[in-house]
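Presented below is the structure to which this report refers.
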Amino acid sequence: MAMLLDDDSCYRAMRARDRRFDGRFFVGVASTRIYCRAACAARTPRRENCQFYATVAAAEAAGYRACLRCRPKLPSFGSPDALANGRRGKLSVRRFKSSQGPAFELDYRPPYDWKSMLEFLAARAVGGIEEIDNRAYRRTVGLRCDGREHSGWLEVSQAEKKSALRVVMSPSLAETAPEILDRVTRLMDVSANPVEIAAGLGRLAKSNPGLRVPGAFDGFEIGVRAILGQQVTVAAARTVASRFASAFGMQIRSPFASLNTVFPAPEKIAQLTVDHIARLGVLAARSRSIIALAGATVDGTVQLGPGADVTTELKKLRALPGIGEWTAQYIAMRALDWPDAFPHTDFGVMKALGETNPGRVLKTAEPWRPWRAYAVMHLWRSLHA
Ligand SMILES: [Zn+2]
């Protein structure tokens, strides 16, 4: 298996102890002959002592023994409990009391630009599914957990005087709390190490080191929204995504007047015809693309979630009709939890860099690895700063 990142990028990723690199490479330490996960909490070894491997097998073939602390041979992404305890690293989850339903606080490493996060999500909010005010993000939830369907709503806000986000969910989601918290962690980019990322991005991140990369609460939903967003403005994509959700989504009740729809499941979309979707004002080619993505999600060909092998998933995405490099990279950035994703042909990215040549854009971005998804956020933001 080829390495996704060059050795220097791996070293920077390792210093950030970012769980998103977990399973995506392993590091062998020459001085101890032990190999670790990318985010092992042990002391960071010196650069010259590190060798990087794409797989456990490759590290073992090179003569390294598995670290007893981070246990690189165990699966990267285990049970929801393991997710809550292990993948979050040193960050902690606490319960707190709320009259509305189960409530938790997720610690993050400051700084965190919560205002920019809310602005990004508000500009793209899908009607019926999401609602954002100047304090909180709310959305409906529909998910399958342990073979059962669960639906409800959640709210995320900044905890007062603490480096933590508060998550409150409907009582109907209590059983799925670990899964919900993991999804919120990804959506809100809770586990990032902003100090290391800003150091890696240098001048680009200097004025706003707390800027995060919004992820996905649901990979399929982001995939559909990426396709609907091809070559149109953010506002136009939002309008058509809202129409899509209201046409095919499931109606639910919530205490919030504007939250009444669960985003349509891939099983439902896979059975539609091009006409069903095109009727909403979506180009036939994009309708076809959405149906193909839904089919590939249902049969498991494509896995739009964390822990996916980025190279493989990108290849599979590009093989679907109507999914080019921009869409694939955008999906990797938001749904595959890949901090180095980079839609280098993006109009906003090119404009922010004053570039017209996509090849040169890639070259300019090389020093920002493995944090190019963050670079994208800074570049987009610079356009309306
Ligand atoms: Zn280790």
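Every chain in the structure tokens takes a letter, A first, then B, and so on in the order presented; its residues are numbered from 1, and the ligands are numbered from 1 following the presented order.
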
Quick one: contact table of chain A to ligand 1, 6 Å max, nearest atom pair and distance in Å to one decimal per residue, counting only C-alpha atoms and all ligand atoms, chain and number order, as a Markdown table?
```
| residue | atom | partner | partner_atom_place_in_ligand_line | distance |
| --- | --- | --- | --- | --- |
| A:Cys36 | CA | ligand 1 | 1 (Zn) | 3.8 |
| A:Arg37 | CA | ligand 1 | 1 (Zn) | 5.7 |
| A:Cys40 | CA | ligand 1 | 1 (Zn) | 4.4 |
| A:Ala42 | CA | ligand 1 | 1 (Zn) | 5.9 |
| A:Cys67 | CA | ligand 1 | 1 (Zn) | 4.5 |
| A:Arg69 | CA | ligand 1 | 1 (Zn) | 5.1 |
| A:Cys70 | CA | ligand 1 | 1 (Zn) | 4.1 |
```

Running DSSP on the backbone, which parts of range 138-367 of chain A land in strand (DSSP E), as a compact mmCIF listing (two decimals) with N, CA and C atoms, in the first residue's frame?
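Resulting contents of part00.txt:
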```txt
# COMPACT_ATOMS: atom_id res chain seq x y z
N ARG A 138 -28.40 23.50 15.49
CA ARG A 138 -29.36 22.43 15.78
C ARG A 138 -29.64 21.66 14.51
N ARG A 139 -29.89 20.37 14.67
CA ARG A 139 -30.26 19.60 13.49
C ARG A 139 -31.09 18.39 13.87
N THR A 140 -31.75 17.85 12.87
CA THR A 140 -32.46 16.59 13.07
C THR A 140 -31.47 15.46 12.87
N VAL A 141 -31.83 14.31 13.42
CA VAL A 141 -30.95 13.14 13.35
C VAL A 141 -31.78 11.94 12.94
N GLY A 142 -31.25 11.18 11.98
CA GLY A 142 -31.84 9.89 11.66
C GLY A 142 -30.68 8.94 11.50
N LEU A 143 -30.64 7.89 12.31
CA LEU A 143 -29.52 6.96 12.14
C LEU A 143 -29.90 5.55 12.56
N ARG A 144 -29.16 4.62 12.00
CA ARG A 144 -29.37 3.23 12.36
C ARG A 144 -28.24 2.83 13.30
N CYS A 145 -28.63 2.29 14.43
CA CYS A 145 -27.63 1.91 15.42
C CYS A 145 -28.07 0.57 15.98
N ARG A 148 -31.36 -0.82 14.68
CA ARG A 148 -32.63 -0.11 14.86
C ARG A 148 -32.54 1.32 14.38
N GLU A 149 -33.68 1.83 13.92
CA GLU A 149 -33.71 3.21 13.45
C GLU A 149 -33.98 4.15 14.63
N HIS A 150 -33.23 5.22 14.68
CA HIS A 150 -33.45 6.21 15.74
C HIS A 150 -33.62 7.57 15.07
N SER A 151 -34.52 8.38 15.58
CA SER A 151 -34.59 9.74 15.06
C SER A 151 -34.82 10.72 16.21
N GLY A 152 -34.45 11.95 15.95
CA GLY A 152 -34.57 12.97 16.99
C GLY A 152 -33.84 14.23 16.55
N TRP A 153 -33.31 14.96 17.53
CA TRP A 153 -32.64 16.21 17.21
C TRP A 153 -31.49 16.42 18.18
N LEU A 154 -30.60 17.33 17.84
CA LEU A 154 -29.53 17.68 18.77
C LEU A 154 -29.21 19.17 18.65
N GLU A 155 -28.57 19.65 19.68
CA GLU A 155 -28.15 21.06 19.69
C GLU A 155 -26.71 21.14 20.18
N VAL A 156 -25.90 21.94 19.50
CA VAL A 156 -24.50 22.12 19.92
C VAL A 156 -24.26 23.60 20.16
N SER A 157 -23.68 23.91 21.31
CA SER A 157 -23.34 25.31 21.60
C SER A 157 -22.01 25.36 22.34
N GLN A 158 -21.49 26.55 22.46
CA GLN A 158 -20.22 26.74 23.17
C GLN A 158 -20.50 26.80 24.67
N ALA A 164 -14.97 23.93 25.72
CA ALA A 164 -15.81 22.75 25.49
C ALA A 164 -17.06 23.13 24.72
N LEU A 165 -17.55 22.17 23.94
CA LEU A 165 -18.84 22.35 23.28
C LEU A 165 -19.87 21.56 24.06
N ARG A 166 -21.08 22.13 24.15
CA ARG A 166 -22.17 21.44 24.83
C ARG A 166 -23.08 20.79 23.80
N VAL A 167 -23.38 19.54 24.02
CA VAL A 167 -24.26 18.81 23.11
C VAL A 167 -25.48 18.34 23.91
N VAL A 168 -26.65 18.76 23.47
CA VAL A 168 -27.89 18.28 24.10
C VAL A 168 -28.65 17.53 23.01
N MET A 169 -29.19 16.36 23.35
CA MET A 169 -29.94 15.61 22.34
C MET A 169 -31.31 15.23 22.85
N MET A 250 -37.75 12.18 5.63
CA MET A 250 -38.83 11.71 6.49
C MET A 250 -39.26 12.86 7.41
N GLN A 251 -40.55 13.02 7.58
CA GLN A 251 -41.04 14.09 8.45
C GLN A 251 -40.94 13.65 9.91
N THR A 261 -37.60 17.61 9.38
CA THR A 261 -37.29 16.63 8.35
C THR A 261 -35.97 15.93 8.65
N VAL A 262 -35.94 14.61 8.43
CA VAL A 262 -34.68 13.88 8.53
C VAL A 262 -34.14 13.71 7.11
```

10 Å contact set for range 263-278 of chain A, only C-alpha atoms, chain neighbours under 6 positions out, as a VMD selection string: chain A and resid 126 128 to 130 139 to 143 218 220 to 221 224 241 to 251 284 to 299

Who sits within 10 Å of range 354-361 of chain A, only C-alpha atoms, same chain under 5 positions skipped, as a PyMOL selection string: chain A and resi 342-349+366

For the selection you just gave me, I'd like the residues written to a file as a CSV table (one decimal), in the first residue's frame, keeping C-alpha atoms.
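Okay, again_25.csv is ready:
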```csv
chain,number,residue,atom,x,y,z
A,342,PHE,CA,-7.5,19.6,-1.1
A,343,PRO,CA,-9.9,20.6,-3.9
A,344,HIS,CA,-7.2,22.4,-5.9
A,345,THR,CA,-9.5,23.3,-8.8
A,346,ASP,CA,-12.0,25.0,-6.4
A,347,PHE,CA,-13.0,28.5,-7.7
A,348,GLY,CA,-12.6,30.1,-4.3
A,349,VAL,CA,-9.3,28.6,-3.6
A,366,GLU,CA,2.7,21.6,-0.8
```

Min atom-atom distance to Pro370 in chain A from the set A:Val240, A:Ala174, A:Ile197, A:Leu280, counting only C-alpha atoms, belongs to A:Ile197

Taking the DSSP secondary structure from the backbone, can you list the residues of range 184-353 of chain A that are alpha helix (DSSP H), as a ChimeraX atom specification? /A:184-187,194-201,219-228,234-248,266-270,274-278,284-298,310-318,325-334,347-353

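The residue that comes closest to Val93 in chain A, out of A:Asp113, A:Asp8, A:Asp22, A:Asp182 and on the basis of only C-alpha atoms, is A:Asp182.
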
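Between CA of Tyr108 in chain A and CA of Arg186 in chain A the interatomic distance comes to 11.9 Å.
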
Residue among A:Ala123, A:Ala332, A:Val213, A:Ala385 lying closest to Arg318 in chain A, counting only C-alpha atoms: A:Ala332

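Using only C-alpha atoms, the nearest neighbour of Leu118 in chain A within the list A:Pro45, A:Gly28, A:Gly305, A:Pro214 is A:Pro214.
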
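One finds CA of Ser191 in chain A at 29.5 Å from CA of Pro255 in chain A.
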
The residue from A:Phe256, A:Phe96, A:Trp380, A:Tyr35 with the smallest atom-to-atom distance to Ala352 in chain A, counting only C-alpha atoms, is A:Trp380

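Restricting the calculation to only C-alpha atoms, the smallest distance between Phe120 in chain A and any of A:Lys73, A:Arg47, A:Lys315, A:His384 is found for A:His384.
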
Non-local contacts of Ala39 in chain A (10 Å; only C-alpha atoms; under 5 positions in same chain excluded) as a PDB file with C-alpha atoms, in the first residue's frame:
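This is the output file part18.pdb:
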```
ATOM      1  CA  ALA A  13       0.721  14.861  11.741  1.00  0.00           C
ATOM      2  CA  MET A  14       2.264  12.770  14.505  1.00  0.00           C
ATOM      3  CA  ARG A  15       3.288  15.805  16.537  1.00  0.00           C
ATOM      4  CA  ALA A  16      -0.342  16.971  16.501  1.00  0.00           C
ATOM      5  CA  ARG A  17      -1.506  13.616  17.974  1.00  0.00           C
ATOM      6  CA  ASP A  18      -4.503  13.870  15.702  1.00  0.00           C
ATOM      7  CA  ARG A  19      -6.708  10.791  15.783  1.00  0.00           C
ATOM      8  CA  ARG A  20      -7.710  11.357  12.163  1.00  0.00           C
ATOM      9  CA  PHE A  21      -4.369   9.942  11.096  1.00  0.00           C
ATOM     10  CA  ASP A  22      -4.942   6.835  13.176  1.00  0.00           C
ATOM     11  CA  GLY A  23      -4.574   3.770  10.978  1.00  0.00           C
ATOM     12  CA  PHE A  25       0.165   5.473   8.854  1.00  0.00           C
ATOM     13  CA  PHE A  26       2.383   3.940  11.535  1.00  0.00           C
ATOM     14  CA  VAL A  27       5.656   5.196  12.895  1.00  0.00           C
ATOM     15  CA  THR A  44       7.222  12.458  20.294  1.00  0.00           C
ATOM     16  CA  CYS A  70      -1.194   2.473  21.726  1.00  0.00           C
ATOM     17  CA  ARG A  87     -10.017   8.004  19.735  1.00  0.00           C
ATOM     18  CA  GLY A  89      -7.234  10.849  23.083  1.00  0.00           C
TER      19      GLY A  89
END
```

Quick one: residues within 8 Å of Leu317 in chain A, only C-alpha atoms, excluding same-chain residues fewer than 4 positions away - as a PyMOL selection string? chain A and resi 302+313+323+328

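The interatomic distance for the pair CA of Gln329 in chain A and CA of Ala341 in chain A works out to 5.6 Å.
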